[in-house]
file input_3.tsv (TSV, C-alpha atoms)
chain	number	residue	atom	x	y	z
A	1	MET	CA	8.50	-20.66	-31.96
A	2	LEU	CA	8.07	-17.27	-33.55
A	3	HIS	CA	10.90	-15.00	-32.36
A	4	ARG	CA	11.28	-11.30	-33.00
A	5	ARG	CA	13.54	-11.66	-36.00
A	6	ARG	CA	11.08	-14.02	-37.69
A	7	PHE	CA	8.24	-11.57	-37.10
A	8	LEU	CA	9.67	-9.61	-40.02
A	9	GLN	CA	7.98	-12.07	-42.32
A	10	LEU	CA	4.61	-10.74	-41.15
A	11	GLY	CA	5.32	-7.17	-42.13
A	12	SER	CA	3.73	-7.51	-45.54
A	13	LEU	CA	0.22	-7.98	-44.16
A	14	GLY	CA	-1.36	-5.05	-45.91
A	15	LEU	CA	1.47	-2.58	-45.24
A	16	SER	CA	4.15	-2.74	-47.86
A	17	ALA	CA	6.84	-0.43	-46.54
A	18	LEU	CA	9.19	-2.24	-44.17
A	19	SER	CA	12.52	-0.58	-43.57
A	20	PHE	CA	15.03	0.28	-40.90
A	21	SER	CA	16.09	3.80	-40.04
A	22	SER	CA	17.80	5.73	-37.28
A	23	PHE	CA	16.91	9.07	-35.76
A	24	ARG	CA	18.68	12.25	-36.69
A	25	GLY	CA	16.92	14.83	-34.58
A	26	LYS	CA	13.20	15.21	-33.95
A	27	MET	CA	10.80	12.93	-35.80
A	28	THR	CA	7.31	14.29	-36.40
A	29	VAL	CA	4.43	12.97	-38.47
A	30	GLN	CA	0.82	13.96	-38.94
A	31	LYS	CA	-1.68	12.14	-36.75
A	32	PRO	CA	-2.84	9.44	-36.53
A	33	LEU	CA	0.28	7.59	-35.45
A	34	VAL	CA	1.07	4.29	-33.72
A	35	LEU	CA	4.34	2.98	-32.26
A	36	SER	CA	5.11	-0.43	-30.80
A	37	THR	CA	8.14	-2.22	-29.43
A	38	TRP	CA	10.32	-4.66	-31.36
A	39	ASP	CA	9.74	-6.07	-34.83
A	40	ALA	CA	6.64	-7.87	-33.56
A	41	GLY	CA	5.21	-4.37	-33.75
A	42	ILE	CA	4.97	-4.51	-37.55
A	43	ALA	CA	2.08	-6.99	-37.42
A	44	ALA	CA	0.61	-5.34	-34.32
A	45	ASN	CA	0.73	-1.91	-35.98
A	46	ASN	CA	-1.05	-3.30	-38.99
A	47	ALA	CA	-4.08	-4.22	-36.87
A	48	ALA	CA	-3.99	-0.94	-34.95
A	49	TRP	CA	-3.73	1.10	-38.14
A	50	GLN	CA	-6.92	-0.37	-39.54
A	51	ILE	CA	-8.73	1.36	-36.68
A	52	LEU	CA	-6.77	4.61	-36.74
A	53	ARG	CA	-6.99	5.11	-40.51
A	54	ASN	CA	-10.77	5.12	-40.29
A	55	GLY	CA	-10.92	7.73	-37.54
A	56	GLY	CA	-11.10	5.19	-34.73
A	57	ARG	CA	-10.12	5.75	-31.13
A	58	ALA	CA	-6.53	5.25	-29.99
A	59	LEU	CA	-7.74	3.06	-27.11
A	60	ASP	CA	-9.35	0.58	-29.50
A	61	ALA	CA	-6.25	0.59	-31.68
A	62	VAL	CA	-3.80	-0.22	-28.88
A	63	GLU	CA	-6.01	-3.04	-27.61
A	64	GLN	CA	-6.57	-4.67	-30.98
A	65	GLY	CA	-2.96	-4.18	-32.04
A	66	VAL	CA	-1.35	-6.11	-29.20
A	67	ARG	CA	-3.98	-8.85	-29.35
A	68	VAL	CA	-2.22	-9.90	-32.56
A	69	THR	CA	0.95	-10.61	-30.60
A	70	GLU	CA	-0.93	-12.28	-27.75
A	71	ALA	CA	-2.47	-14.70	-30.26
A	72	SER	CA	0.83	-15.55	-31.94
A	73	LEU	CA	3.37	-18.19	-31.02
A	74	ASN	CA	6.38	-16.40	-29.55
A	75	CYS	CA	8.78	-16.48	-26.62
A	76	CYS	CA	7.52	-13.72	-24.42
A	77	VAL	CA	3.88	-12.70	-24.99
A	78	GLY	CA	0.71	-14.76	-24.69
A	79	LEU	CA	-0.09	-18.31	-23.67
A	80	GLY	CA	2.38	-19.85	-26.13
A	81	ALA	CA	5.33	-18.19	-24.40
A	82	ASN	CA	7.92	-19.59	-22.01
A	83	PRO	CA	6.64	-20.57	-18.55
A	84	ASP	CA	7.82	-19.66	-15.06
A	85	ARG	CA	10.23	-21.96	-13.25
A	86	ASP	CA	7.37	-24.18	-12.04
A	87	GLY	CA	6.15	-24.72	-15.61
A	88	TYR	CA	3.17	-22.35	-15.74
A	89	VAL	CA	2.63	-19.46	-18.16
A	90	THR	CA	1.49	-16.36	-16.29
A	91	LEU	CA	0.50	-13.17	-18.09
A	92	ASP	CA	0.58	-9.46	-17.22
A	93	ALA	CA	-0.98	-6.55	-19.09
A	94	CYS	CA	-2.16	-2.97	-18.71
A	95	ILE	CA	-3.99	-0.35	-20.74
A	96	MET	CA	-4.54	3.40	-20.33
A	97	ASP	CA	-6.73	5.90	-22.16
A	98	GLU	CA	-6.75	9.66	-22.73
A	99	ASN	CA	-8.66	10.38	-19.52
A	100	PHE	CA	-6.28	8.71	-17.04
A	101	ASN	CA	-8.52	5.66	-16.92
A	102	CYS	CA	-6.41	2.53	-16.63
A	103	GLY	CA	-6.69	-1.18	-15.99
A	104	SER	CA	-4.21	-3.93	-15.25
A	105	VAL	CA	-4.01	-7.68	-14.70
A	106	LEU	CA	-1.12	-9.53	-13.10
A	107	PHE	CA	-0.23	-13.21	-12.68
A	108	LEU	CA	-3.14	-14.22	-14.92
A	109	GLU	CA	-3.29	-17.82	-16.11
A	110	LYS	CA	-5.19	-19.62	-18.90
A	111	ILE	CA	-6.67	-16.49	-20.51
A	112	LYS	CA	-5.66	-15.81	-24.12
A	113	HIS	CA	-6.04	-12.02	-24.18
A	114	PRO	CA	-4.97	-10.37	-20.92
A	115	ILE	CA	-5.01	-6.93	-22.56
A	116	SER	CA	-8.76	-7.19	-23.08
A	117	VAL	CA	-9.25	-8.32	-19.50
A	118	ALA	CA	-7.25	-5.28	-18.39
A	119	ARG	CA	-9.60	-3.06	-20.38
A	120	ARG	CA	-12.62	-4.69	-18.71
A	121	VAL	CA	-11.02	-4.01	-15.31
A	122	MET	CA	-10.71	-0.37	-16.36
A	123	GLU	CA	-14.23	-0.04	-17.68
A	124	LYS	CA	-16.27	-2.34	-15.44
A	125	THR	CA	-14.72	-2.16	-11.98
A	126	PRO	CA	-13.74	0.62	-9.57
A	127	HIS	CA	-10.22	-0.84	-9.46
A	128	VAL	CA	-7.05	-0.48	-11.49
A	129	MET	CA	-5.37	-3.84	-10.83
A	130	LEU	CA	-6.56	-7.42	-10.40
A	131	ALA	CA	-4.17	-10.32	-9.80
A	132	GLY	CA	-3.97	-14.09	-9.90
A	133	SER	CA	-7.06	-16.19	-9.31
A	134	GLY	CA	-9.16	-13.07	-8.75
A	135	ALA	CA	-8.20	-11.73	-12.17
A	136	GLN	CA	-8.98	-15.10	-13.73
A	137	GLN	CA	-12.34	-15.30	-11.95
A	138	PHE	CA	-13.23	-11.84	-13.23
A	139	ALA	CA	-12.18	-12.76	-16.77
A	140	VAL	CA	-14.32	-15.88	-16.81
A	141	ALA	CA	-17.28	-13.94	-15.41
A	142	GLU	CA	-16.82	-11.48	-18.28
A	143	GLY	CA	-17.06	-14.27	-20.83
A	144	PHE	CA	-13.39	-14.94	-21.58
A	145	PRO	CA	-12.88	-18.68	-22.19
A	146	LEU	CA	-10.58	-20.60	-19.90
A	147	GLU	CA	-7.80	-22.19	-21.94
A	148	SER	CA	-6.07	-25.48	-21.15
A	149	GLY	CA	-2.83	-24.02	-19.84
A	150	GLU	CA	-0.82	-26.66	-21.71
A	151	LEU	CA	2.57	-25.44	-22.86
A	152	SER	CA	3.23	-24.97	-26.57
A	153	ASP	CA	5.63	-27.46	-28.10
A	154	ASP	CA	8.43	-24.90	-28.31
A	155	ALA	CA	7.88	-23.65	-24.77
A	156	LYS	CA	7.84	-27.22	-23.47
A	157	LYS	CA	11.16	-27.93	-25.18
A	158	ALA	CA	12.72	-24.72	-23.86
A	159	TYR	CA	11.49	-25.48	-20.36
A	160	GLN	CA	12.92	-29.01	-20.39
A	161	ASN	CA	16.27	-27.63	-21.54
A	162	TRP	CA	16.18	-25.04	-18.78
A	163	LEU	CA	15.42	-27.69	-16.16
A	164	LYS	CA	18.49	-29.64	-17.22
A	165	LYS	CA	20.76	-26.61	-16.96
A	166	SER	CA	19.35	-25.24	-13.71
A	167	GLU	CA	18.81	-28.60	-11.99
A	168	TYR	CA	15.67	-27.05	-10.55
A	169	LYS	CA	13.69	-29.40	-8.29
A	170	PRO	CA	10.62	-27.65	-6.89
A	171	VAL	CA	9.75	-28.74	-3.37
A	172	ILE	CA	6.39	-27.77	-1.93
A	173	ASN	CA	6.65	-25.08	0.75
A	174	ILE	CA	10.44	-25.33	0.90
A	175	GLU	CA	12.95	-22.77	-0.34
A	176	ASN	CA	16.07	-24.91	-0.35
A	177	SER	CA	19.41	-24.07	-1.90
A	178	LYS	CA	18.53	-25.66	-5.21
A	179	ARG	CA	15.30	-23.70	-5.43
A	180	GLN	CA	17.02	-20.44	-4.59
A	181	ALA	CA	19.84	-21.11	-7.05
A	182	ALA	CA	17.62	-21.84	-10.04
A	183	PHE	CA	18.79	-19.28	-12.56
A	184	VAL	CA	16.81	-16.98	-14.81
A	185	PRO	CA	18.86	-16.70	-18.01
A	186	THR	CA	19.67	-13.23	-19.28
A	187	LYS	CA	19.19	-14.43	-22.84
A	188	LEU	CA	17.16	-17.19	-24.40
A	189	GLU	CA	18.64	-20.08	-26.35
A	190	ASN	CA	18.32	-18.21	-29.66
A	191	GLY	CA	20.18	-15.16	-28.29
A	192	ASP	CA	17.15	-12.91	-27.73
A	193	TRP	CA	16.86	-11.02	-24.45
A	194	ASN	CA	14.71	-12.86	-21.91
A	195	HIS	CA	12.24	-10.09	-21.08
A	196	ASP	CA	10.35	-8.87	-24.11
A	197	THR	CA	6.91	-7.33	-24.27
A	198	ILE	CA	4.69	-5.83	-26.89
A	199	GLY	CA	4.11	-2.25	-25.83
A	200	MET	CA	2.04	0.09	-28.01
A	201	ILE	CA	1.17	3.80	-27.90
A	202	ALA	CA	-1.04	5.67	-30.34
A	203	LEU	CA	-2.25	9.16	-31.25
A	204	ASP	CA	-5.58	9.17	-33.07
A	205	ALA	CA	-7.08	11.62	-35.57
A	206	ASN	CA	-8.83	13.48	-32.75
A	207	GLY	CA	-5.51	14.11	-31.02
A	208	ASN	CA	-6.11	11.64	-28.19
A	209	LEU	CA	-3.47	9.28	-26.82
A	210	SER	CA	-3.70	5.77	-25.39
A	211	GLY	CA	-1.31	2.92	-24.64
A	212	SER	CA	-1.12	-0.80	-23.91
A	213	CYS	CA	1.46	-3.32	-22.75
A	214	THR	CA	1.28	-7.12	-22.50
A	215	THR	CA	3.78	-9.86	-21.65
A	216	SER	CA	4.39	-13.30	-20.21
A	217	GLY	CA	7.39	-11.86	-18.39
A	218	MET	CA	10.79	-13.46	-18.04
A	219	GLY	CA	10.97	-17.07	-19.04
A	220	PHE	CA	11.65	-19.38	-16.07
A	221	LYS	CA	11.06	-16.55	-13.60
A	222	MET	CA	10.35	-17.16	-9.93
A	223	ARG	CA	6.66	-18.00	-9.57
A	224	GLY	CA	4.73	-14.83	-8.84
A	225	ARG	CA	7.36	-12.47	-10.24
A	226	ILE	CA	5.91	-9.30	-11.76
A	227	GLY	CA	7.88	-6.88	-13.92
A	228	ASP	CA	7.09	-3.37	-15.09
A	229	SER	CA	4.66	-4.26	-17.88
A	230	PRO	CA	1.37	-4.20	-15.92
A	231	ILE	CA	2.38	-1.29	-13.68
A	232	ILE	CA	0.96	2.09	-14.63
A	233	GLY	CA	3.77	4.63	-14.45
A	234	ALA	CA	6.53	2.05	-14.91
A	235	GLY	CA	5.77	0.06	-18.07
A	236	LEU	CA	3.17	2.48	-19.44
A	237	PHE	CA	1.95	6.02	-18.86
A	238	VAL	CA	-0.35	8.36	-20.79
A	239	ASP	CA	-1.03	12.04	-20.14
A	240	ASN	CA	-3.24	13.41	-22.88
A	241	GLU	CA	-1.93	16.95	-22.38
A	242	VAL	CA	1.68	15.87	-22.85
A	243	GLY	CA	2.32	12.47	-24.39
A	244	ALA	CA	2.60	8.73	-23.87
A	245	ALA	CA	5.45	6.31	-23.21
A	246	VAL	CA	5.92	2.57	-22.92
A	247	ALA	CA	8.88	0.43	-21.85
A	248	THR	CA	10.38	-2.97	-22.54
A	249	GLY	CA	13.31	-4.85	-21.06
A	250	GLN	CA	14.53	-5.54	-17.53
A	251	GLY	CA	11.36	-4.80	-15.59
A	252	GLU	CA	12.88	-4.49	-12.14
A	253	ASP	CA	15.13	-1.63	-13.23
A	254	ILE	CA	12.38	0.11	-15.18
A	255	ILE	CA	10.22	0.00	-12.05
A	256	ARG	CA	13.04	1.56	-10.01
A	257	ILE	CA	12.93	4.74	-12.08
A	258	CYS	CA	9.18	4.74	-12.89
A	259	GLY	CA	10.32	4.68	-16.50
A	260	ALA	CA	7.23	5.60	-18.53
A	261	HIS	CA	6.07	8.29	-16.10
A	262	THR	CA	9.56	9.77	-15.98
A	263	ILE	CA	9.61	10.11	-19.76
A	264	VAL	CA	6.22	11.83	-19.87
A	265	GLU	CA	7.28	14.25	-17.14
A	266	LEU	CA	10.46	15.06	-19.05
A	267	MET	CA	8.34	15.81	-22.12
A	268	ARG	CA	6.19	18.05	-19.94
A	269	GLN	CA	9.37	20.03	-19.23
A	270	GLY	CA	9.82	20.58	-22.96
A	271	MET	CA	11.96	17.68	-24.11
A	272	ASP	CA	11.15	15.94	-27.38
A	273	PRO	CA	10.35	12.21	-27.08
A	274	GLU	CA	13.77	10.90	-28.07
A	275	THR	CA	15.58	13.19	-25.66
A	276	ALA	CA	13.17	12.31	-22.86
A	277	CYS	CA	13.71	8.59	-23.50
A	278	LYS	CA	17.47	9.11	-23.46
A	279	LYS	CA	17.40	11.07	-20.19
A	280	ALA	CA	15.27	8.39	-18.54
A	281	MET	CA	17.69	5.72	-19.78
A	282	GLU	CA	20.59	7.70	-18.34
A	283	ARG	CA	18.82	7.60	-15.00
A	284	LEU	CA	18.41	3.83	-15.26
A	285	LEU	CA	22.10	3.47	-16.09
A	286	LYS	CA	23.08	5.59	-13.09
A	287	VAL	CA	20.94	3.49	-10.75
A	288	LYS	CA	22.09	0.18	-12.22
A	289	GLY	CA	25.77	0.98	-12.65
A	290	ILE	CA	27.73	0.44	-15.84
A	291	ASP	CA	28.98	-3.08	-15.08
A	292	LYS	CA	25.56	-4.53	-14.25
A	293	ALA	CA	23.90	-2.52	-17.02
A	294	LYS	CA	26.02	-4.32	-19.60
A	295	THR	CA	24.23	-7.57	-18.68
A	296	ILE	CA	20.68	-6.32	-19.32
A	297	GLN	CA	18.61	-4.56	-21.97
A	298	ALA	CA	15.90	-1.90	-21.77
A	299	GLY	CA	14.08	0.17	-24.35
A	300	PHE	CA	11.71	3.15	-24.25
A	301	ILE	CA	9.42	4.67	-26.89
A	302	ALA	CA	7.31	7.81	-26.65
A	303	ILE	CA	4.88	10.03	-28.55
A	304	SER	CA	4.23	13.69	-27.79
A	305	LYS	CA	0.83	15.37	-28.03
A	306	SER	CA	2.06	17.19	-31.15
A	307	GLY	CA	2.94	13.97	-32.98
A	308	GLU	CA	6.68	13.83	-32.38
A	309	TYR	CA	7.97	10.36	-31.60
A	310	GLY	CA	11.19	8.76	-30.48
A	311	GLY	CA	12.88	5.97	-28.58
A	312	TYR	CA	16.11	4.99	-26.90
A	313	ALA	CA	17.85	1.79	-25.84
A	314	LEU	CA	20.23	0.84	-23.09
A	315	GLN	CA	22.23	-1.29	-25.50
A	316	LYS	CA	22.34	-1.80	-29.25
A	317	GLY	CA	19.68	-4.12	-30.63
A	318	PHE	CA	16.36	-2.56	-29.62
A	319	ASN	CA	14.05	-1.49	-32.43
A	320	PHE	CA	10.49	-0.28	-32.65
A	321	ALA	CA	7.79	-0.11	-35.28
A	322	VAL	CA	6.24	3.15	-36.51
A	323	CYS	CA	3.09	3.44	-38.62
A	324	HIS	CA	1.44	6.63	-39.84
A	325	ALA	CA	0.06	5.77	-43.29
A	326	ASP	CA	-1.14	2.79	-45.31
A	327	ASP	CA	2.30	2.40	-46.85
A	328	LYS	CA	4.34	3.59	-43.87
A	329	ASN	CA	4.89	0.81	-41.35
A	330	PHE	CA	8.60	0.55	-40.67
A	331	LEU	CA	11.21	-0.31	-38.07
A	332	VAL	CA	13.53	2.16	-36.40
A	333	ASP	CA	16.76	1.11	-34.72
A	334	ALA	CA	16.86	2.98	-31.42
A	335	LYS	CA	20.10	4.68	-30.46
A	336	PRO	CA	21.92	2.85	-27.65
A	337	LEU	CA	23.25	4.50	-24.51
A	338	ILE	CA	26.12	2.06	-23.96
call {"tool": "encode", "arguments": {"input": "input_3.tsv", "output": "structure tokens"}}
result
Amino acid sequence: MLHRRRFLQLGSLGLSALSFSSFRGKMTVQKPLVLSTWDAGIAANNAAWQILRNGGRALDAVEQGVRVTEASLNCCVGLGANPDRDGYVTLDACIMDENFNCGSVLFLEKIKHPISVARRVMEKTPHVMLAGSGAQQFAVAEGFPLESGELSDDAKKAYQNWLKKSEYKPVINIENSKRQAAFVPTKLENGDWNHDTIGMIALDANGNLSGSCTTSGMGFKMRGRIGDSPIIGAGLFVDNEVGAAVATGQGEDIIRICGAHTIVELMRQGMDPETACKKAMERLLKVKGIDKAKTIQAGFIAISKSGEYGGYALQKGFNFAVCHADDKNFLVDAKPLI
């Protein structure tokens, strides 16, 4: 299974500069610009940059960029990821353009690229969100192939190990004590946090912003659980007059503070992206409480209309990828709050 740390090996795909840095004040680059969460963002940025460097639209860049991650074998994005506690991989995604158009899919099964289905929802229906079998039916009608739904080898192994530890025995239509007690691990077996996404935001050469977010959600989650990733205003928000923000981490707590929207509104008040991300994280910490916050992770990234960018983490360990030139695709270690 391809975990975040091993994604570093993909950073050489046409973009030679791969380095870590930390913020010291405002960070500003000339447009175009693309940011994405975690080190998986190096490969995702590479695909997005091929569109941006040629004057392409930010919306196309953020769709094509995260499709790279959806197609890879990893723990937390796409059909190869860890399943829910009943053994099924369910996917969530959303996308938003410079005109407040947005689309989202939730609890989608057997479709390889939920981000592209979300874009079709945005462009071909009067709705913003489609869920479950309805989302799948729409995807198939739009020509997306229905995949087998079989777990990847690594996901199957992880699921079997989880079943042994949780002693989970699903019983149809019964919520017994065993079913209620089945645990969702805070971290995966390799030590990574159990709630990653690939979130991407971009500013194109025309000065327009767009964003995307896609995930399989928490591994071994309760069937039907939805986090922040497909929710406009929580996992992603774009206001073309102000900026864009995307979130990763413990979805329930990001939803509680409308994380991405909060960051954009703070930028509207004059804060630079890093400061806005920090202030939003402080709000999350206040709501969660210090003791419980120590058991979770969350990360925010943001771009302003002027091309400033920044990010912030709840705890040490969150990084994000920044690309603004052919030879400038690098990782930044976000400052932690606790």
call {"tool": "closest_atom_pairs", "arguments": {"input": "input_3.tsv", "of": "stretch 61-102 of chain A", "to": "stretch 121-136 of chain A", "cutoff": "10 Å", "atoms": "only C-alpha atoms", "output": "tab-separated table"}}
result
residue	atom	partner	partner_atom	distance
A:Thr90	CA	A:Gly132	CA	8.7
A:Leu91	CA	A:Gly132	CA	9.4
A:Asp92	CA	A:Ala131	CA	8.9
A:Ala93	CA	A:Met129	CA	9.7
A:Cys94	CA	A:Met129	CA	8.6
A:Ile95	CA	A:Met122	CA	8.0
A:Met96	CA	A:Met122	CA	8.2
A:Asp97	CA	A:Met122	CA	9.4
A:Asn101	CA	A:Met122	CA	6.4
A:Cys102	CA	A:Met122	CA	5.2
call {"tool": "atom_distance", "arguments": {"input": "input_3.tsv", "atom1": "atom CA of A:Ile226", "atom2": "atom CA of A:Gly251"}}
result
8.0 Å
call {"tool": "axis_aligned_box", "arguments": {"input": "input_3.tsv", "around": "stretch 28-45 of chain A", "padding_each_side": "3 Å", "output": "JSON"}}
result
{"center_x": 3.7, "center_y": 3.2, "center_z": -34.2, "size_x": 19.2, "size_y": 28.2, "size_z": 15.5}
call {"tool": "closest_atom_pairs", "arguments": {"input": "input_3.tsv", "of": "stretch 57-117 of chain A", "to": "stretch 156-163 of chain A", "cutoff": "12 Å", "atoms": "all atoms listed in the file", "output": "JSON lines"}}
result
{"residue": "A:Asn74", "atom": "CA", "partner": "A:Ala158", "partner_atom": "CA", "distance": 11.9}
{"residue": "A:Cys75", "atom": "CA", "partner": "A:Ala158", "partner_atom": "CA", "distance": 9.5}
{"residue": "A:Leu79", "atom": "CA", "partner": "A:Lys156", "partner_atom": "CA", "distance": 11.9}
{"residue": "A:Gly80", "atom": "CA", "partner": "A:Lys156", "partner_atom": "CA", "distance": 9.6}
{"residue": "A:Ala81", "atom": "CA", "partner": "A:Lys156", "partner_atom": "CA", "distance": 9.4}
{"residue": "A:Asn82", "atom": "CA", "partner": "A:Tyr159", "partner_atom": "CA", "distance": 7.1}
{"residue": "A:Pro83", "atom": "CA", "partner": "A:Tyr159", "partner_atom": "CA", "distance": 7.1}
{"residue": "A:Asp84", "atom": "CA", "partner": "A:Tyr159", "partner_atom": "CA", "distance": 8.7}
{"residue": "A:Arg85", "atom": "CA", "partner": "A:Tyr159", "partner_atom": "CA", "distance": 8.0}
{"residue": "A:Asp86", "atom": "CA", "partner": "A:Tyr159", "partner_atom": "CA", "distance": 9.4}
{"residue": "A:Gly87", "atom": "CA", "partner": "A:Tyr159", "partner_atom": "CA", "distance": 7.2}
{"residue": "A:Tyr88", "atom": "CA", "partner": "A:Tyr159", "partner_atom": "CA", "distance": 10.0}
{"residue": "A:Val89", "atom": "CA", "partner": "A:Lys156", "partner_atom": "CA", "distance": 10.7}
call {"tool": "residues_near_point", "arguments": {"input": "input_3.tsv", "point": "(-9.6, -20.6, -15.3)", "cutoff": "7 Å", "atoms": "all atoms listed in the file", "output": "number ranges by chain"}}
result
A: 109-110, 136-137, 140, 146
call {"tool": "residues_around", "arguments": {"input": "input_3.tsv", "residues": "A:Ala244", "least_positions_apart": "4", "cutoff": "6 Å", "atoms": "all atoms listed in the file", "output": "list in words"}}
result
Phe237, Val238, Ala302 and Ile303 of chain A
